[in-house]
Structures are given as structure tokens and as C-alpha cells.
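Colleague: Contents of target_37.txt (compact mmCIF, C-alpha atoms) are given next:
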```
# COMPACT_ATOMS: atom_id res chain seq x y z
CA MET A 752 68.76 67.05 79.65
CA GLU A 753 71.25 66.85 82.52
CA SER A 754 74.73 65.55 81.69
CA ASN A 755 76.25 62.57 83.48
CA SER A 756 79.77 63.86 82.86
CA THR A 757 82.16 63.97 85.82
CA SER A 758 83.75 67.10 84.32
CA MET A 759 82.57 70.50 85.49
CA TYR A 760 84.16 73.91 84.90
CA LEU A 761 82.99 77.35 85.91
CA CYS A 762 84.07 79.86 83.25
CA ILE A 763 83.98 83.61 83.93
CA HIS A 764 84.19 86.20 81.15
CA VAL A 765 84.52 89.90 81.97
CA LEU A 766 84.70 93.08 79.89
CA GLN A 767 85.92 96.03 81.92
CA VAL A 768 86.82 99.59 81.01
CA VAL A 769 90.03 100.62 82.73
CA PRO A 770 90.81 104.34 82.34
CA VAL A 771 94.20 106.04 82.70
CA SER A 772 96.22 103.67 84.86
CA CYS A 773 99.41 101.73 85.44
CA ILE A 774 97.94 98.62 87.04
CA ASN A 775 100.81 96.26 86.27
CA ARG A 776 104.30 97.35 85.26
CA ASP A 777 107.52 95.63 84.26
CA ASP A 778 111.03 96.06 85.71
CA THR A 779 111.45 99.41 83.93
CA GLY A 780 108.20 100.85 85.30
CA THR A 781 106.46 100.54 81.93
CA PRO A 782 102.87 99.24 81.87
CA LYS A 783 102.83 95.65 80.64
CA THR A 784 101.65 95.05 77.09
CA CYS A 785 101.41 92.21 74.59
CA MET A 786 101.12 91.79 70.84
CA TYR A 787 97.87 90.09 69.89
CA GLY A 788 96.36 89.91 66.42
CA GLY A 789 99.23 92.03 65.14
CA THR A 790 98.49 94.99 67.42
CA SER A 791 99.82 96.22 70.76
CA ARG A 792 97.45 95.61 73.66
CA MET A 793 97.31 96.64 77.30
CA ARG A 794 98.06 93.61 79.52
CA VAL A 795 97.62 92.76 83.21
CA SER A 796 99.36 89.56 84.30
CA SER A 797 97.39 86.74 85.88
CA GLN A 798 99.64 86.84 88.95
CA CYS A 799 98.73 90.49 89.50
CA TRP A 800 94.98 89.86 89.43
CA LYS A 801 95.27 86.62 91.40
CA ARG A 802 96.73 88.58 94.29
CA ALA A 803 93.90 91.11 94.09
CA VAL A 804 91.39 88.22 94.24
CA ARG A 805 93.20 86.63 97.21
CA MET A 806 93.25 89.92 99.12
CA TYR A 807 89.53 90.42 98.45
CA MET A 808 88.71 86.92 99.70
CA LYS A 809 90.88 87.40 102.77
CA GLU A 810 89.23 90.71 103.67
CA ARG A 811 85.65 89.76 102.77
CA TYR A 812 85.49 86.09 103.69
CA GLY A 813 88.39 85.60 106.10
CA ASP A 814 90.33 83.23 103.84
CA THR A 815 93.28 82.01 105.91
CA GLY A 816 95.78 81.53 103.10
CA ILE A 817 99.17 83.15 103.73
CA ARG A 818 101.85 83.35 101.07
CA THR A 819 105.28 83.82 102.63
CA LYS A 820 108.96 82.99 102.32
CA PHE A 821 109.44 83.62 106.05
CA ILE A 822 107.71 80.55 107.45
CA SER A 823 110.85 79.57 109.37
CA LYS A 824 111.13 83.00 111.01
CA MET A 825 107.41 83.09 111.82
CA LEU A 826 107.69 79.83 113.73
CA SER A 827 110.98 80.59 115.49
CA ASP A 828 109.75 84.04 116.56
CA ARG A 829 106.66 82.40 118.03
CA LEU A 830 108.75 79.93 120.02
CA VAL A 831 110.78 82.82 121.41
CA SER A 832 107.75 85.00 122.16
CA GLU A 833 106.16 82.19 124.18
CA GLU A 834 109.49 81.73 126.00
CA ILE A 835 109.90 78.14 124.84
CA CYS A 836 113.54 78.79 123.93
CA ASN A 837 115.94 81.57 123.01
CA ASP A 838 116.36 83.02 119.54
CA GLN A 839 119.44 81.01 118.58
CA GLN A 840 117.89 77.71 119.69
CA ALA A 841 114.61 78.45 117.94
CA THR A 842 116.26 79.37 114.63
CA ALA A 843 118.41 76.23 114.54
CA PHE A 844 115.62 73.92 115.69
CA VAL A 845 113.00 75.17 113.20
CA LYS A 846 115.45 75.22 110.31
CA LYS A 847 116.51 71.64 111.01
CA TRP A 848 113.02 70.16 111.01
CA LEU A 849 111.54 72.24 108.21
CA GLY A 850 114.58 71.27 106.16
CA GLN A 851 114.20 67.57 106.87
CA ALA A 852 110.52 67.81 105.93
CA ASN A 853 111.50 69.50 102.62
CA ILE A 854 109.51 72.63 103.48
CA ILE A 855 112.62 74.81 103.28
CA SER A 856 116.21 74.18 102.28
CA GLU A 857 118.73 73.49 105.03
CA LYS A 858 121.54 75.01 102.94
CA ASP A 859 122.74 78.40 104.15
CA THR A 860 123.23 79.55 100.55
CA ALA A 861 119.71 78.63 99.44
CA LYS A 862 117.24 81.42 98.65
CA ASN A 863 113.93 81.45 100.46
CA THR A 864 110.96 81.00 98.14
CA SER A 865 107.35 81.95 98.80
CA ALA A 866 104.86 79.19 99.50
CA PHE A 867 101.23 79.01 100.54
CA PHE A 868 100.17 77.95 104.01
CA SER A 869 96.88 78.27 105.81
CA LYS A 870 96.74 79.78 109.27
CA GLU A 871 95.55 76.38 110.51
CA GLN A 872 98.58 74.66 108.96
CA ILE A 873 100.95 77.15 110.57
CA ASP A 874 99.29 76.66 113.95
CA SER A 875 99.48 72.88 113.59
CA LEU A 876 103.11 73.05 112.52
CA TYR A 877 103.94 75.24 115.49
CA GLU A 878 102.31 72.87 117.98
CA VAL A 879 104.16 69.88 116.54
CA LEU A 880 107.52 71.65 116.75
CA LYS A 881 106.87 73.09 120.20
CA LYS A 882 105.99 69.68 121.61
CA ARG A 883 109.14 68.12 120.15
CA PHE A 884 111.39 70.85 121.55
CA GLN A 885 109.88 70.47 125.01
CA GLN A 886 110.30 66.69 124.86
CA GLU A 887 113.96 67.10 123.93
CA GLU A 888 114.49 69.60 126.73
CA ASN A 889 112.85 67.27 129.26
CA LYS A 890 114.80 64.29 127.87
CA GLU A 891 111.59 62.37 127.18
CA LYS A 892 111.37 59.38 124.88
CA LEU A 893 111.26 60.63 121.27
CA GLU A 894 109.90 59.38 117.97
CA ASN A 895 112.61 58.51 115.48
CA GLU A 896 113.57 61.34 113.15
CA ARG A 897 111.90 59.90 110.05
CA THR A 898 108.58 59.47 111.84
CA PHE A 899 108.71 62.97 113.26
CA SER A 900 109.73 64.44 109.90
CA ASN A 901 106.64 62.83 108.37
CA LYS A 902 104.53 64.38 111.14
CA VAL A 903 105.95 67.82 110.28
CA SER A 904 105.11 67.27 106.60
CA GLN A 905 101.58 66.15 107.46
CA ALA A 906 100.99 69.33 109.44
CA VAL A 907 101.29 71.38 106.23
CA LYS A 908 99.15 68.99 104.17
CA ASP A 909 96.01 68.99 106.30
CA ARG A 910 93.43 71.80 106.52
CA PRO A 911 94.39 73.87 103.46
CA SER A 912 92.80 77.24 102.82
CA VAL A 913 90.51 77.84 99.86
CA SER A 914 93.15 80.07 98.23
CA GLU A 915 95.73 77.28 98.44
CA LEU A 916 93.44 74.94 96.55
CA LEU A 917 92.38 77.59 94.05
CA PHE A 918 95.84 78.87 93.20
CA GLY A 919 97.97 75.83 93.98
CA ARG A 920 101.18 75.22 95.88
CA MET A 921 104.45 73.74 94.69
CA PHE A 922 107.40 72.33 96.62
CA ALA A 923 109.97 71.12 94.10
CA SER A 924 111.76 69.18 96.84
CA ASP A 925 108.66 67.18 97.81
CA PRO A 926 105.73 66.90 95.35
CA SER A 927 103.59 65.25 98.04
CA LEU A 928 103.22 68.71 99.60
CA ASN A 929 101.81 70.18 96.37
CA TYR A 930 98.26 71.24 95.57
CA ASP A 931 97.17 71.35 91.92
CA ALA A 932 95.56 74.72 91.27
CA ALA A 933 91.80 74.42 90.71
CA CYS A 934 91.76 77.88 89.11
CA GLN A 935 93.20 79.02 85.80
CA MET A 936 93.40 82.75 85.21
CA ALA A 937 94.37 84.29 81.89
CA HIS A 938 96.44 87.42 81.44
CA SER A 939 93.92 90.18 80.86
CA PHE A 940 94.37 92.12 77.63
CA SER A 941 92.67 95.05 75.96
CA VAL A 942 90.27 94.41 73.10
CA ASN A 943 91.47 97.67 71.51
CA GLU A 944 94.94 98.71 70.34
CA VAL A 945 96.86 100.51 73.10
CA TYR A 946 100.11 102.45 73.31
CA GLU A 947 101.76 103.86 76.41
CA GLU A 948 101.59 107.59 76.95
CA PRO A 949 103.97 109.67 79.11
CA ASP A 950 102.76 111.64 82.11
CA TYR A 951 105.21 114.44 82.91
CA PHE A 952 104.59 115.65 86.45
CA THR A 953 106.11 117.95 89.05
CA VAL A 954 105.88 118.27 92.80
CA VAL A 955 105.84 121.76 94.28
CA GLY A 956 106.55 121.97 97.99
CA ASP A 957 104.40 124.10 100.27
CA VAL A 958 107.40 125.40 102.24
CA LYS A 959 110.45 126.87 100.48
CA GLN A 960 113.70 128.46 101.51
CA GLU A 961 114.36 132.01 100.38
CA GLU A 962 117.18 130.98 98.05
CA ALA A 963 114.90 128.51 96.22
CA LEU A 964 111.62 130.35 95.83
CA GLY A 965 110.96 129.17 92.27
CA GLY A 966 110.85 125.81 90.53
CA SER A 967 109.72 122.36 91.57
CA ASP A 968 110.94 120.13 94.36
CA TYR A 969 110.66 117.06 92.14
CA LEU A 970 109.85 116.19 88.55
CA ASP A 971 109.57 112.94 86.66
CA THR A 972 107.85 111.14 83.79
CA LYS A 973 105.64 108.09 84.24
CA LEU A 974 103.99 105.97 81.57
CA PHE A 975 100.30 105.05 81.62
CA ASN A 976 97.70 103.48 79.34
CA SER A 977 93.99 102.73 79.20
CA GLY A 978 91.71 100.25 77.48
CA VAL A 979 88.79 97.85 77.61
CA LEU A 980 90.06 94.62 79.16
CA TYR A 981 88.88 91.11 78.42
CA ARG A 982 89.38 89.04 81.57
CA PHE A 983 88.91 85.28 81.82
CA ALA A 984 89.20 82.70 84.59
CA ASP A 985 87.91 79.19 85.12
CA ILE A 986 87.59 76.85 88.10
CA ASN A 987 87.93 73.09 87.86
CA LEU A 988 85.04 71.55 89.78
CA SER A 989 85.42 68.12 88.21
CA LYS A 990 85.47 64.94 90.22
CA GLY A 991 89.02 64.45 91.49
CA SER A 992 89.94 68.16 91.50
CA GLU A 993 91.48 69.68 94.63
CA LEU A 994 88.28 71.52 95.59
CA ARG A 995 86.40 68.21 95.46
CA ASN A 996 88.93 66.32 97.62
CA GLU A 997 86.92 64.99 100.58
CA GLU A 998 90.02 64.96 102.81
CA TYR A 999 90.09 68.77 102.77
CA ASN A 1000 86.43 69.25 103.74
CA VAL A 1001 85.99 72.34 101.55
CA ASP A 1002 82.61 73.60 100.33
CA ALA A 1003 83.47 73.67 96.61
CA ALA A 1004 80.28 75.47 95.55
CA LYS A 1005 80.74 78.23 98.11
CA ALA A 1006 84.43 78.59 97.20
CA ALA A 1007 83.51 79.00 93.52
CA SER A 1008 80.82 81.56 94.38
CA GLN A 1009 83.22 83.57 96.53
CA PHE A 1010 85.87 83.45 93.82
CA LEU A 1011 83.34 84.66 91.24
CA GLU A 1012 82.46 87.67 93.38
CA ALA A 1013 86.12 88.42 94.08
CA PHE A 1014 87.13 88.12 90.43
CA VAL A 1015 84.40 90.52 89.33
CA LEU A 1016 84.88 93.14 92.07
CA SER A 1017 88.63 93.09 92.78
CA MET A 1018 91.13 95.53 91.30
CA PRO A 1019 94.95 95.36 91.51
CA THR A 1020 96.39 98.20 93.53
CA GLY A 1021 99.28 99.21 91.25
CA SER A 1022 99.48 103.05 91.18
CA ILE A 1023 95.84 103.18 92.23
CA ASN A 1024 96.36 106.23 94.48
CA ALA A 1025 97.81 108.14 91.54
CA TYR A 1026 95.10 107.19 89.03
CA ALA A 1027 92.02 106.16 91.05
CA ASN A 1028 91.20 103.64 88.33
CA MET A 1029 88.48 101.85 90.33
CA THR A 1030 85.91 100.68 87.81
CA LEU A 1031 83.46 97.79 87.72
CA PRO A 1032 82.89 95.46 84.75
CA GLU A 1033 80.53 96.49 81.99
CA ASN A 1034 79.71 92.89 81.13
CA VAL A 1035 80.01 89.55 82.96
CA VAL A 1036 79.10 86.19 81.43
CA VAL A 1037 79.37 83.01 83.50
CA GLU A 1038 79.16 79.51 82.06
CA LEU A 1039 79.05 76.11 83.69
CA ARG A 1040 80.54 73.57 81.24
CA ASP A 1041 80.77 69.80 81.36
CA ASP A 1042 83.42 69.39 78.63
CA VAL A 1043 86.40 71.78 78.78
CA PRO A 1044 86.91 75.40 79.87
CA VAL A 1045 86.63 77.81 76.94
CA SER A 1046 88.05 81.33 76.66
CA PHE A 1047 86.46 83.91 74.37
CA ALA A 1048 89.84 85.56 73.64
CA PRO A 1049 89.69 84.72 69.91
CA ALA A 1050 86.71 87.08 69.63
CA PHE A 1051 89.18 89.94 69.99
CA SER A 1052 92.04 88.74 67.78
CA LYS A 1053 91.19 91.71 65.58
CA ALA A 1054 91.51 94.88 67.62
CA ILE A 1055 88.29 96.84 68.04
CA ASP A 1056 88.39 100.52 67.19
CA GLY A 1057 85.87 103.31 66.91
CA LYS A 1058 83.86 105.30 69.41
CA ASN A 1059 81.90 102.46 71.03
CA ILE A 1060 84.65 100.00 71.87
CA CYS A 1061 82.94 98.45 74.87
CA GLN A 1062 79.58 98.00 73.13
CA ASP A 1063 81.30 96.56 70.07
CA ALA A 1064 83.30 94.21 72.30
CA MET A 1065 80.10 92.93 73.93
CA HIS A 1066 78.69 92.23 70.46
CA GLU A 1067 81.85 90.40 69.32
CA MET A 1068 81.91 88.32 72.48
CA SER A 1069 78.25 87.39 72.09
CA GLN A 1070 78.81 86.40 68.46
CA TYR A 1071 81.79 84.25 69.36
CA GLU A 1072 79.88 82.63 72.21
CA GLU A 1073 77.09 81.66 69.79
CA LYS A 1074 79.66 80.27 67.34
CA ILE A 1075 81.24 78.05 70.01
CA SER A 1076 77.80 76.78 71.05
CA ARG A 1077 76.93 75.90 67.42
CA LEU A 1078 80.22 74.08 66.81
CA TYR A 1079 80.80 72.35 70.12
CA GLY A 1080 77.56 72.45 72.06
CA SER A 1081 76.12 74.82 74.63
CA PRO A 1082 77.20 75.06 78.27
CA VAL A 1083 74.99 73.26 80.76
CA ARG A 1084 74.08 76.61 82.33
CA LYS A 1085 74.76 80.26 81.56
CA TRP A 1086 74.23 83.52 83.43
CA SER A 1087 74.71 87.16 82.41
CA LEU A 1088 75.11 90.11 84.74
CA GLY A 1089 72.20 92.43 84.10
CA GLU A 1090 69.72 89.62 83.77
CA VAL A 1091 70.39 89.16 87.49
CA SER A 1092 72.39 91.19 90.03
CA LEU A 1093 75.88 90.05 91.00
CA LYS A 1094 74.60 88.95 94.41
CA ASP A 1095 71.88 86.81 92.83
CA LEU A 1096 74.28 85.54 90.17
CA CYS A 1097 76.70 84.26 92.82
CA ALA A 1098 73.86 82.67 94.77
CA GLN A 1099 72.48 80.93 91.67
CA VAL A 1100 75.92 79.67 90.67
CA GLU A 1101 76.46 78.22 94.15
CA GLU A 1102 73.03 76.57 94.11
CA GLU A 1103 73.55 75.06 90.64
CA ILE A 1104 77.00 73.68 91.48
CA ASN A 1105 75.66 72.14 94.69
CA ARG A 1106 72.84 70.54 92.71
CA ARG A 1107 75.34 68.90 90.36
CA LEU A 1108 77.98 67.77 92.84
```
Represent the structure of the file as C-alpha cells.
Modeller:
Amino acid sequence: MESNSTSMYLCIHVLQVVPVSCINRDDTGTPKTCMYGGTSRMRVSSQCWKRAVRMYMKERYGDTGIRTKFISKMLSDRLVSEEICNDQQATAFVKKWLGQANIISEKDTAKNTSAFFSKEQIDSLYEVLKKRFQQEENKEKLENERTFSNKVSQAVKDRPSVSELLFGRMFASDPSLNYDAACQMAHSFSVNEVYEEPDYFTVVGDVKQEEALGGSDYLDTKLFNSGVLYRFADINLSKGSELRNEEYNVDAAKAASQFLEAFVLSMPTGSINAYANMTLPENVVVELRDDVPVSFAPAFSKAIDGKNICQDAMHEMSQYEEKISRLYGSPVRKWSLGEVSLKDLCAQVEEEINRRL
């Protein structure tokens, strides 16, 4: 029986073997870990994998989201390159209006912070600023500053990219410029106990001087780890969520399908040239829920050991999934990779979401 609930969440559960690697490290160069269930686990931060997903969507689907702390410089450089004004004029002009619109701080001592913009928003913002500068130069009649400042703000509200709506945007100085993230992504962690191991390595040069025929040109030690990761993400497709906002004219079902593909196939690039740790998930379970998003992380509160960690993890996840269904009710739809290919899975998810919107 089909639910009449206005709530809808796409939940994605992934088990993935990651061999020797250093995907995500802390400020000391050590692979990130966490304590879970009393044991040390391999960890990959959500921010790390979010970026990998964004880069996949940009490359594969042309997502126009740009995360930058140099929006002011991008716009002023463009004014200069099109010979609208000189560098000094452009810098002062852009800083003034972006500051008044609360997009950046006008204070010289303020630090630039990264924010999301779509290419369309940047283009719109540029056209608004260019027109104003030309009007001032030609001494034309101008809108009052408050009205124009609102026009600048509006330029970065309209036409958001899918990645902006998925991952959110925050301007502390003006909450009206914010987008609530439609996606939640958990920190990935290993289902098995993991400790870092040291990799002592040397570099031997191909060309040597006579006085230094022996020895290495460089030596160092780097830490690595490996494990079977549990990865979880969900997308809010409920009525009223950012992806469902009619003002943005975004195909929510297609965005969710593209995110699903990107989440499954992407891999963070940390030390990837050194370790070539490109693997694909062993198991993917996708649920469409009409109550709340549910992670299967508790299935792995006790670390899995033995020779068949991945197979045992699949069993534990399946058992926990059945437990949740018994206690709280089943999802409205469920898919498993293997029953269908990833391509067909994404297509079926998109079709089902469209049917329920």
C-alpha cells in the first residue's frame, strides 16, 4: 500500500574494501581513525568523500557548483580582462558591493571563507556589477544603494547548482543566502579493528655524483591502514526540502540518481598515486523511506574479525536491516546491487522517486 506521507528519504548503504591506503589524514599526516564499540577503526571524514562526490558529478554530469573563497578576485579579474576598468578600480568596486550584500566581509582584516556558487550565479553577479559600474562611469541615473545591494544578493540566490542544494551553503552574515543541505553523509568507518602501520621508504636517484655513489637521495616514513568501510548517506526528498523547491527548477529525482552513482563510484584522491587504492563496493543497499533516514552503523558496533570480514559484514548488515524492519516497519522500496546493475539501480531509483513526487 502506497504511503501518503510527505516525507521521503533516499538512504544509501555501502560496504567497501579499501586496501593499503592513506585516503584521509590529519594535521600530522596520520590516517584518520575513530574509537567505535571500544576498538580503533579506520575513518574517512564526510567532508573528504563529499568532495570526491562533487568532483565526480562535475566531471560526469557537468555540475556547475564552484566552492571558492576567491569570488571577489574572480569577478574583479573578469572586469579587468574585459577592459571595463583597471585592477584597482575593479578590486575596490567588487569588494564594496559584495560586502554590502553580505557575500564577503568589507573589513581588511577579515579572512576569506569558502562558499558555494553556481557558474550561473557567478555570471549573473558579474553582469549586475558590470552594468552598475558602466552606469556610474557614464553618470547615468542609479538605483539607490539598498535596492542595488538587494539585486546583488538576489543574483547569488537564483539558479543554484545541484551540489549547492545537496551539500548546503552558509553565510553567517546573511541567512537569507543559505541553502539547507539536502544530503547527510556520515563519516565512513571500518567494520573491523584497524591500527596504523608505518611504511619506511627510500628514493634512489638515477643520476649520482661521484662523491655520493651510495645511499638514498631521500628517505621517510609514512603511515597507512586498510579495512572494510561502512559508508552511509541519505538525501532528503521530502516536501519542502531544497531539492523540491519549485523556485530552483531542479529535477530532484535525477539529482538523487546522479548522487547515488557518484557516491558508489567515487574515491577520495588522498595519496592515491602512492597506493592505487581504487576499489568498488562489495555491497550496496538502497532504501526509500517515508519516515526518517536510518543508518546501519549499529550493526558494526562490535568489530568484525576473522578471515571473511566483508562477507561477515554483509551478514551483520542484513540482520540489522531485518531487525529495523521488524521494529519500525519496512522501507517503501529497497534495491540491492547484484539483483540489478548499478546503471539499472540508478534508473529504477529515479523512476520510483518521480512516481512519488
Colleague: Write out as a ChimeraX atom specification each polymer residue whose atoms come within 9 Å of range 863-865 of chain A, counting all atoms listed in the file; drop sequence neighbours fewer than 4 positions from it.
Modeller: /A:818-822,855-856
Colleague: Rounded to one decimal place, report the CA of Ala923 in chain A-CA of Ser900 in chain A distance in Å.
Modeller: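 So the answer is 17.2 Å.
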Colleague: Show me as a list in words the residues that reach within 8 Å of (92.1, 81.8, 85.0), counting all atoms listed in the file and using the file's own coordinates.
Modeller: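 Returned residue set, sorted by chain then number, is Ser797, Cys934, Gln935, Met936, Ala937, His938, Phe983, Ala984, Asp985 and Ile986 of chain A.
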Colleague: Once you count only C-alpha atoms, which residues end up no further than 10 Å from (93.2, 101.2, 86.5) in the file's frame, shown as a list of chain:residue names?
Modeller: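 It turns out the residues near that spot are A:Val768, A:Val769, A:Pro770, A:Val771, A:Ser772, A:Cys773, A:Ile774, A:Asn775, A:Phe975, A:Asn976, A:Ser977, A:Gly978, A:Met1018, A:Pro1019, A:Thr1020, A:Gly1021, A:Ser1022, A:Ile1023, A:Asn1024, A:Ala1025, A:Tyr1026, A:Ala1027, A:Asn1028, A:Met1029, A:Thr1030.
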Colleague: Smallest atom-to-atom distance to Lys902 in chain A: which of A:Arg995, A:Thr953, A:Leu849, A:Gln885, using all atoms listed in the file?
Modeller: A:Leu849
Colleague: Range 1090-1100 of chain A: which residues within 7 Å, counting only C-alpha atoms, same-chain residues fewer than 2 positions away excluded, as a PyMOL selection string?
Modeller: chain A and resi 1008+1011-1012+1087-1088+1102-1104
Colleague: Phe868 in chain A: which residues within 7 Å, counting all atoms listed in the file, same-chain residues fewer than 3 positions away excluded, as a list of chain:residue names?
Modeller: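 Surrounding residues, per the criterion: A:Gly816, A:Ile817, A:Arg818, A:Gln872, A:Ile873.
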Colleague: Create the file for the chosen residues now, containing C-alpha atoms and written as an mmCIF file, keeping the file's coordinate frame.
Modeller:
```
data_model
loop_
_atom_site.group_PDB
_atom_site.id
_atom_site.type_symbol
_atom_site.label_atom_id
_atom_site.label_comp_id
_atom_site.auth_asym_id
_atom_site.auth_seq_id
_atom_site.Cartn_x
_atom_site.Cartn_y
_atom_site.Cartn_z
ATOM 1 C CA GLY A 816 95.780 81.530 103.100
ATOM 2 C CA ILE A 817 99.170 83.150 103.730
ATOM 3 C CA ARG A 818 101.850 83.350 101.070
ATOM 4 C CA GLN A 872 98.580 74.660 108.960
ATOM 5 C CA ILE A 873 100.950 77.150 110.570
#
```
Colleague: How far is it from CA of Arg792 in chain A to CA of Val942 in chain A, in Å with one decimal?
Modeller: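 If I compute the distance from CA of Arg792 in chain A to CA of Val942 in chain A, I get 7.3 Å.
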Colleague: With only C-alpha atoms as the atoms that count, which of A:Thr972, A:Asn996, A:Thr898, A:Asn837 lies nearest to Val913 in chain A?
Modeller: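 For Val913 in chain A, the nearest of the candidates is A:Asn996.
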Colleague: Closest to Ser758 in chain A among A:Asn987, A:Ser1052, A:Gln1070, A:Ser967, using all atoms listed in the file?
Modeller: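 Among A:Asn987, A:Ser1052, A:Gln1070, A:Ser967, it is A:Asn987 that comes nearest to Ser758 in chain A.
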Colleague: Which residues, written as a PyMOL selection string, have at least one atom at most 8 Å from Tyr981 in chain A, with all atoms listed in the file counted and residues fewer than 5 positions away on the same chain left out?
Modeller: chain A and resi 764-767+939-942+1048
Colleague: For the residues in that selection, give me C-alpha atoms as a PDB file, in the coordinates of the input.
Modeller:
```
ATOM      1  CA  HIS A 764      84.190  86.200  81.150  1.00  0.00           C
ATOM      2  CA  VAL A 765      84.520  89.900  81.970  1.00  0.00           C
ATOM      3  CA  LEU A 766      84.700  93.080  79.890  1.00  0.00           C
ATOM      4  CA  GLN A 767      85.920  96.030  81.920  1.00  0.00           C
ATOM      5  CA  SER A 939      93.920  90.180  80.860  1.00  0.00           C
ATOM      6  CA  PHE A 940      94.370  92.120  77.630  1.00  0.00           C
ATOM      7  CA  SER A 941      92.670  95.050  75.960  1.00  0.00           C
ATOM      8  CA  VAL A 942      90.270  94.410  73.100  1.00  0.00           C
ATOM      9  CA  ALA A1048      89.840  85.560  73.640  1.00  0.00           C
TER      10      ALA A1048
END
```
Colleague: Which of these residues is nearest to Gln905 in chain A, using all atoms listed in the file: A:Val1037, A:Leu876, A:Gln840, A:Leu826?
Modeller: A:Leu876
Colleague: Out of A:Lys990, A:Arg776, A:Lys1005, A:Lys1074, which residue has the shortest atom-to-atom distance to Asp1041 in chain A when counting all atoms listed in the file?
Modeller: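 Closest to Asp1041 in chain A, using all atoms listed in the file: A:Lys990.
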Colleague: State, in Å with one decimal place, the distance from CA of Ser904 in chain A to CA of Arg802 in chain A.
Modeller: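 Here the two named atoms are 26.0 Å from each other.
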Colleague: Between A:Ala803, A:Glu1101, A:Ile854, A:Ser1069, which has the minimum distance to Ser924 in chain A (counting only C-alpha atoms)?
Modeller: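 Checking each candidate against Ser924 in chain A, we get A:Ile854 as the closest.
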Colleague: So which residues touch Asp1056 in chain A within 12 Å, counting all atoms listed in the file, skipping near sequence neighbours fewer than 3 positions away, as a list in words?
Modeller: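 Contacts, with the query itself left out: Thr790, Ser941, Val942, Asn943, Glu944, Val945, Gly978, Val979, Phe1051, Lys1053, Asn1059, Ile1060, Cys1061, Gln1062, Asp1063 and Ala1064 of chain A.
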Colleague: Kindly complete range 888-903 of chain A to N, CA and C atoms; the output should be written as a short mmCIF file (atom, residue, chain, number, x, y, z; two decimals), in the frame of the given file.
Modeller:
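New file selection-v3.cif:
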```
data_model
loop_
_atom_site.label_atom_id
_atom_site.label_comp_id
_atom_site.auth_asym_id
_atom_site.auth_seq_id
_atom_site.Cartn_x
_atom_site.Cartn_y
_atom_site.Cartn_z
N GLU A 888 113.99 68.89 125.55
CA GLU A 888 114.49 69.60 126.73
C GLU A 888 114.28 68.78 127.99
N ASN A 889 113.17 68.07 128.07
CA ASN A 889 112.85 67.27 129.26
C ASN A 889 113.41 65.85 129.19
N LYS A 890 114.18 65.61 128.08
CA LYS A 890 114.80 64.29 127.87
C LYS A 890 113.77 63.15 127.91
N GLU A 891 112.62 63.40 127.28
CA GLU A 891 111.59 62.37 127.18
C GLU A 891 111.91 61.44 126.01
N LYS A 892 111.21 60.32 125.97
CA LYS A 892 111.37 59.38 124.88
C LYS A 892 110.83 60.02 123.60
N LEU A 893 111.61 59.93 122.51
CA LEU A 893 111.26 60.63 121.27
C LEU A 893 110.95 59.66 120.14
N GLU A 894 110.09 60.11 119.21
CA GLU A 894 109.90 59.38 117.97
C GLU A 894 111.19 59.43 117.17
N ASN A 895 111.41 58.43 116.32
CA ASN A 895 112.61 58.51 115.48
C ASN A 895 112.46 59.67 114.49
N GLU A 896 113.57 60.12 113.96
CA GLU A 896 113.57 61.34 113.15
C GLU A 896 112.70 61.22 111.90
N ARG A 897 112.71 60.06 111.26
CA ARG A 897 111.90 59.90 110.05
C ARG A 897 110.41 60.04 110.37
N THR A 898 109.99 59.39 111.45
CA THR A 898 108.58 59.47 111.84
C THR A 898 108.18 60.90 112.16
N PHE A 899 109.04 61.60 112.90
CA PHE A 899 108.71 62.97 113.26
C PHE A 899 108.73 63.88 112.04
N SER A 900 109.67 63.65 111.13
CA SER A 900 109.73 64.44 109.90
C SER A 900 108.45 64.29 109.10
N ASN A 901 107.91 63.07 109.06
CA ASN A 901 106.64 62.83 108.37
C ASN A 901 105.49 63.57 109.06
N LYS A 902 105.56 63.66 110.38
CA LYS A 902 104.53 64.38 111.14
C LYS A 902 104.58 65.88 110.82
N VAL A 903 105.79 66.41 110.66
CA VAL A 903 105.95 67.82 110.28
C VAL A 903 105.36 68.06 108.89
#
```
